[in-house]
Amino acid sequence: MHPYLGKFIPQLVEWFLARFFRPKDVILDPFMGSGTTLVQANEMNMQAIGVEISPFNCLIARVKTAKYYIAKACFEILDIEKGTALFSNALLGSASNDLSLFPEERGGFCRKSWQH
Ligand SMILES: C[S@@+](CC[C@H](N)C(=O)[O-])C[C@H]1O[C@@H](n2cnc3c(N)ncnc32)[C@H](O)[C@@H]1O
């Protein structure tokens with residue numbers, strides 16, 4: 001998502017969490033950074049709280065730890081992608097619409113599952 005250089009390697013966090021904590025434990029990371037520890041804790045069914053001085057890092061961590069409705073997110077990503085391709089084509093004067101990030105899903109998979 002963003003090349004945040006201060007982040008821990010998730011596997012390192014996973015090793016420590018698995019060794020010293022159990023599911024449902026509450027983890028506090030007082031120097032949260034971009035939220036690697038929080039994400040890993042959530043993946044291991046632990047509650048996690050983070051404190052961070054940088055508002056930008058807080059934003060990244062919030063995006064990484066929010067709950068998403070996957071089908072809706074997929075639909076919105078494809079919609080943004082389509083708008084970006086149209087905008088790009090208008091700038092470049094190209095008629096091509098094939099700037100797809102997820103070409104295999106262009107057949108309407110997301111749209112169908114989102115509309116169910
Ligand atoms: C090495 S990073 C932490 C990485 C993070 N624990 C992880 O899981 O990826 C250290 C972070 O501490 C933050 N920080 C430094 N001083 C702080 C303070 N006084 N209060 C809160 N956060 C602070 C920095 O902005 C930086 O993002």
# chains A, B, ... in the order shown; residues from 1 in each chain; ligands from 1
call {"tool": "closest_atom_pairs", "arguments": {"of": "chain A", "to": "ligand 1", "cutoff": "10 Å", "atoms": "only C-alpha atoms and all ligand atoms", "output": "tab-separated table"}}
result
residue	atom	partner	partner_atom_place_in_ligand_line	distance
A:Tyr4	CA	ligand 1	9 (O)	8.7
A:Leu5	CA	ligand 1	1 (C)	8.3
A:Gly6	CA	ligand 1	1 (C)	4.5
A:Lys7	CA	ligand 1	9 (O)	3.5
A:Phe8	CA	ligand 1	9 (O)	4.2
A:Ile9	CA	ligand 1	9 (O)	7.3
A:Pro10	CA	ligand 1	8 (O)	7.7
A:Leu12	CA	ligand 1	8 (O)	9.6
A:Val13	CA	ligand 1	8 (O)	7.3
A:Leu28	CA	ligand 1	6 (N)	9.8
A:Asp29	CA	ligand 1	6 (N)	6.1
A:Pro30	CA	ligand 1	21 (C)	6.1
A:Phe31	CA	ligand 1	12 (O)	3.8
A:Met32	CA	ligand 1	6 (N)	4.3
A:Gly33	CA	ligand 1	27 (O)	3.3
A:Ser34	CA	ligand 1	9 (O)	5.5
A:Gly35	CA	ligand 1	8 (O)	5.1
A:Thr36	CA	ligand 1	8 (O)	3.9
A:Thr37	CA	ligand 1	8 (O)	4.0
A:Leu38	CA	ligand 1	8 (O)	6.9
A:Val39	CA	ligand 1	8 (O)	8.4
A:Gln40	CA	ligand 1	8 (O)	8.6
A:Ala41	CA	ligand 1	8 (O)	10.0
A:Gly50	CA	ligand 1	6 (N)	8.5
A:Val51	CA	ligand 1	21 (C)	5.5
A:Glu52	CA	ligand 1	22 (N)	3.7
A:Ile53	CA	ligand 1	21 (C)	4.0
A:Ser54	CA	ligand 1	25 (O)	5.0
A:Pro55	CA	ligand 1	25 (O)	8.7
A:Phe56	CA	ligand 1	25 (O)	9.0
A:Asn57	CA	ligand 1	27 (O)	6.3
A:Cys58	CA	ligand 1	27 (O)	8.7
A:Ala61	CA	ligand 1	9 (O)	9.3
call {"tool": "select_by_dssp", "arguments": {"residues": "segment 8-101 of chain A", "states": "helix (DSSP H, G or I)", "output": "ChimeraX atom specification"}}
result
/A:10-20,36-43,55-65,70-92
call {"tool": "closest_residue", "arguments": {"among": "A:Ile80, A:Leu17, A:Ala71, A:Val63", "to": "Met46 of chain A", "atoms": "only C-alpha atoms"}}
result
A:Leu17
call {"tool": "atom_distance", "arguments": {"atom1": "atom CA of Phe21 of chain A", "atom2": "atom CA of Gln47 of chain A"}}
result
10.9 Å
call {"tool": "atom_distance", "arguments": {"atom1": "atom CA of Arg62 of chain A", "atom2": "atom CA of Glu14 of chain A"}}
result
19.6 Å
call {"tool": "atom_distance", "arguments": {"atom1": "atom CA of Ala90 of chain A", "atom2": "atom CA of Leu78 of chain A"}}
result
18.2 Å
call {"tool": "select_by_dssp", "arguments": {"residues": "segment 18-88 of chain A", "states": "strand (DSSP E)", "output": "VMD selection string"}}
result
chain A and resid 26 to 29 47 to 50
